[in-house]
Amino acid sequence: MNGPTGFEQLVEMAWATHEGLRRLGFSADDIFVLTTEDDRLFVQLKTQGKEFNVGVGLLGDLTHERFNEQWLVFVERANSGQFASELLQQIFDRWLQYETGGAMPLMNAIMGKGIHLPSRYRELS
């Protein structure tokens, strides 16, 4: 199912999850998007010698290859300003409200794994 950008909603939610970790101050070099053999999609934070996985969803009819293709194109477009910032914020807000239940549950889950939030984190909203 396509989201407001025309890409699969799963791609948009993976981007929003990645963006949420970035807004908490984690380096993009420590955040990975991965699919598993059983067709699950995760965003993984590897930092401070620990891992934290955020389940994004199931690939369903989307193949691993198709997801990877869409992911790379989506990220390139998002980073180059080809999407309106308001649209990206709308996707992020939807993720934050409906997928994580807000900023505090996400931050508590990360800290529950023994990962310290970077001192440079900013508000998620």
# chains A, B, ... in the order shown; residues from 1 in each chain; ligands from 1
call {"tool": "select_by_dssp", "arguments": {"residues": "chain A", "states": "alpha helix (DSSP H)", "output": "PyMOL selection string"}}
result
chain A and resi 9-23+64-79+85-94+103-112
call {"tool": "write_last_selection", "arguments": {"atoms": "N, CA and C atoms", "output": "compact mmCIF listing (two decimals), in the first residue's frame"}}
result
# COMPACT_ATOMS: atom_id res chain seq x y z
N GLN A 9 4.12 2.36 2.22
CA GLN A 9 4.08 2.89 3.59
C GLN A 9 5.18 2.31 4.45
N LEU A 10 5.56 1.06 4.20
CA LEU A 10 6.63 0.43 4.97
C LEU A 10 7.95 1.18 4.78
N VAL A 11 8.20 1.67 3.58
CA VAL A 11 9.40 2.46 3.30
C VAL A 11 9.34 3.78 4.07
N GLU A 12 8.17 4.42 4.05
CA GLU A 12 8.02 5.67 4.78
C GLU A 12 8.22 5.47 6.28
N MET A 13 7.67 4.37 6.82
CA MET A 13 7.80 4.11 8.26
C MET A 13 9.25 3.77 8.63
N ALA A 14 9.95 3.08 7.74
CA ALA A 14 11.37 2.81 7.99
C ALA A 14 12.15 4.12 8.02
N TRP A 15 11.84 5.02 7.08
CA TRP A 15 12.50 6.33 7.09
C TRP A 15 12.19 7.09 8.38
N ALA A 16 10.93 7.09 8.79
CA ALA A 16 10.54 7.81 10.00
C ALA A 16 11.23 7.23 11.24
N THR A 17 11.37 5.92 11.30
CA THR A 17 12.07 5.28 12.42
C THR A 17 13.53 5.71 12.43
N HIS A 18 14.16 5.65 11.27
CA HIS A 18 15.55 6.10 11.13
C HIS A 18 15.68 7.56 11.55
N GLU A 19 14.75 8.38 11.08
CA GLU A 19 14.76 9.81 11.39
C GLU A 19 14.57 10.05 12.88
N GLY A 20 13.71 9.26 13.51
CA GLY A 20 13.51 9.40 14.96
C GLY A 20 14.78 9.15 15.74
N LEU A 21 15.53 8.14 15.35
CA LEU A 21 16.80 7.86 16.02
C LEU A 21 17.81 8.97 15.75
N ARG A 22 17.79 9.51 14.53
CA ARG A 22 18.68 10.64 14.21
C ARG A 22 18.32 11.85 15.06
N ARG A 23 17.03 12.13 15.21
CA ARG A 23 16.60 13.29 16.00
C ARG A 23 16.92 13.12 17.47
N HIS A 64 12.37 -8.41 -0.81
CA HIS A 64 13.53 -7.76 -0.20
C HIS A 64 14.18 -6.82 -1.21
N GLU A 65 14.32 -7.28 -2.44
CA GLU A 65 14.96 -6.48 -3.48
C GLU A 65 14.16 -5.21 -3.77
N ARG A 66 12.84 -5.36 -3.86
CA ARG A 66 11.99 -4.20 -4.15
C ARG A 66 12.03 -3.21 -2.99
N PHE A 67 12.01 -3.73 -1.75
CA PHE A 67 12.12 -2.83 -0.61
C PHE A 67 13.43 -2.05 -0.68
N ASN A 68 14.53 -2.76 -0.91
CA ASN A 68 15.85 -2.10 -0.96
C ASN A 68 15.89 -1.05 -2.06
N GLU A 69 15.32 -1.35 -3.21
CA GLU A 69 15.29 -0.36 -4.30
C GLU A 69 14.51 0.87 -3.88
N GLN A 70 13.31 0.67 -3.34
CA GLN A 70 12.49 1.80 -2.92
C GLN A 70 13.16 2.58 -1.79
N TRP A 71 13.79 1.87 -0.86
CA TRP A 71 14.45 2.53 0.27
C TRP A 71 15.53 3.49 -0.23
N LEU A 72 16.37 3.01 -1.12
CA LEU A 72 17.47 3.84 -1.62
C LEU A 72 16.96 5.07 -2.37
N VAL A 73 15.94 4.90 -3.19
CA VAL A 73 15.39 6.03 -3.93
C VAL A 73 14.71 7.00 -2.98
N PHE A 74 13.94 6.49 -2.02
CA PHE A 74 13.25 7.35 -1.06
C PHE A 74 14.24 8.20 -0.28
N VAL A 75 15.27 7.57 0.24
CA VAL A 75 16.27 8.29 1.04
C VAL A 75 16.97 9.34 0.20
N GLU A 76 17.31 9.00 -1.03
CA GLU A 76 17.96 9.98 -1.91
C GLU A 76 17.05 11.19 -2.13
N ARG A 77 15.79 10.93 -2.37
CA ARG A 77 14.84 12.03 -2.60
C ARG A 77 14.62 12.85 -1.33
N ALA A 78 14.50 12.18 -0.20
CA ALA A 78 14.31 12.90 1.07
C ALA A 78 15.52 13.77 1.38
N ASN A 79 16.71 13.23 1.18
CA ASN A 79 17.93 13.97 1.50
C ASN A 79 18.21 15.11 0.53
N SER A 85 9.15 19.49 2.95
CA SER A 85 9.47 19.23 4.36
C SER A 85 8.20 18.98 5.17
N GLU A 86 7.10 19.61 4.79
CA GLU A 86 5.83 19.40 5.48
C GLU A 86 5.34 17.97 5.33
N LEU A 87 5.55 17.40 4.15
CA LEU A 87 5.14 16.02 3.89
C LEU A 87 5.97 15.05 4.74
N LEU A 88 7.28 15.27 4.78
CA LEU A 88 8.13 14.41 5.60
C LEU A 88 7.79 14.55 7.08
N GLN A 89 7.46 15.76 7.51
CA GLN A 89 7.08 15.95 8.91
C GLN A 89 5.76 15.23 9.21
N GLN A 90 4.84 15.24 8.25
CA GLN A 90 3.57 14.53 8.41
C GLN A 90 3.81 13.03 8.58
N ILE A 91 4.69 12.47 7.77
CA ILE A 91 5.03 11.05 7.88
C ILE A 91 5.68 10.77 9.23
N PHE A 92 6.59 11.63 9.62
CA PHE A 92 7.26 11.46 10.91
C PHE A 92 6.27 11.55 12.07
N ASP A 93 5.39 12.53 12.03
CA ASP A 93 4.40 12.70 13.10
C ASP A 93 3.49 11.49 13.21
N ARG A 94 3.08 10.95 12.06
CA ARG A 94 2.23 9.74 12.06
C ARG A 94 2.96 8.59 12.73
N ALA A 103 7.33 10.03 22.13
CA ALA A 103 8.78 10.04 22.30
C ALA A 103 9.24 9.28 23.55
N MET A 104 8.52 9.44 24.65
CA MET A 104 8.97 8.85 25.91
C MET A 104 9.07 7.33 25.86
N PRO A 105 8.07 6.61 25.33
CA PRO A 105 8.23 5.15 25.27
C PRO A 105 9.46 4.72 24.46
N LEU A 106 9.74 5.42 23.36
CA LEU A 106 10.91 5.09 22.55
C LEU A 106 12.19 5.35 23.33
N MET A 107 12.28 6.52 23.95
CA MET A 107 13.49 6.84 24.71
C MET A 107 13.66 5.88 25.88
N ASN A 108 12.58 5.54 26.57
CA ASN A 108 12.67 4.60 27.69
C ASN A 108 13.12 3.22 27.24
N ALA A 109 12.62 2.78 26.08
CA ALA A 109 13.02 1.47 25.56
C ALA A 109 14.51 1.46 25.21
N ILE A 110 15.00 2.53 24.60
CA ILE A 110 16.43 2.62 24.26
C ILE A 110 17.27 2.61 25.54
N MET A 111 16.88 3.43 26.50
CA MET A 111 17.65 3.49 27.75
C MET A 111 17.53 2.18 28.53
N GLY A 112 16.40 1.48 28.36
CA GLY A 112 16.23 0.18 29.01
C GLY A 112 17.21 -0.86 28.51
call {"tool": "residues_around", "arguments": {"residues": "A:Thr47", "least_positions_apart": "2", "cutoff": "10 Å", "atoms": "only C-alpha atoms", "output": "VMD selection string"}}
result
chain A and resid 26 to 27 29 to 31 44 to 45 49 to 52 115 to 116
call {"tool": "closest_residue", "arguments": {"among": "A:Phe83, A:Thr100, A:Val54, A:Lys113", "to": "A:Pro4", "atoms": "only C-alpha atoms"}}
result
A:Phe83
call {"tool": "select_by_dssp", "arguments": {"residues": "stretch 10-124 of chain A", "states": "strand (DSSP E)", "output": "count of residues only"}}
result
22
call {"tool": "closest_residue", "arguments": {"among": "A:Gly6, A:Gly114, A:Val56, A:Leu62", "to": "A:Trp95", "atoms": "only C-alpha atoms"}}
result
A:Val56
call {"tool": "residues_around", "arguments": {"residues": "A:Asp38", "least_positions_apart": "5", "cutoff": "12 Å", "atoms": "only C-alpha atoms", "output": "list in words"}}
result
Gly57, Leu58, Leu59, Gly60, Thr63 and His64 of chain A
call {"tool": "write_last_selection", "arguments": {"atoms": "C-alpha atoms", "output": "mmCIF file, in the first residue's frame"}}
result
data_model
loop_
_atom_site.group_PDB
_atom_site.id
_atom_site.type_symbol
_atom_site.label_atom_id
_atom_site.label_comp_id
_atom_site.auth_asym_id
_atom_site.auth_seq_id
_atom_site.Cartn_x
_atom_site.Cartn_y
_atom_site.Cartn_z
ATOM 1 C CA GLY A 57 6.598 -4.406 9.993
ATOM 2 C CA LEU A 58 6.327 -7.311 7.606
ATOM 3 C CA LEU A 59 7.327 -7.042 3.978
ATOM 4 C CA GLY A 60 4.171 -8.880 2.861
ATOM 5 C CA THR A 63 10.245 -8.485 -1.962
ATOM 6 C CA HIS A 64 13.530 -7.758 -0.205
#
call {"tool": "atom_distance", "arguments": {"atom1": "atom CA of A:Phe42", "atom2": "atom CA of A:Glu8"}}
result
15.2 Å
call {"tool": "atom_distance", "arguments": {"atom1": "atom CA of A:Val33", "atom2": "atom CA of A:Gln97"}}
result
20.7 Å
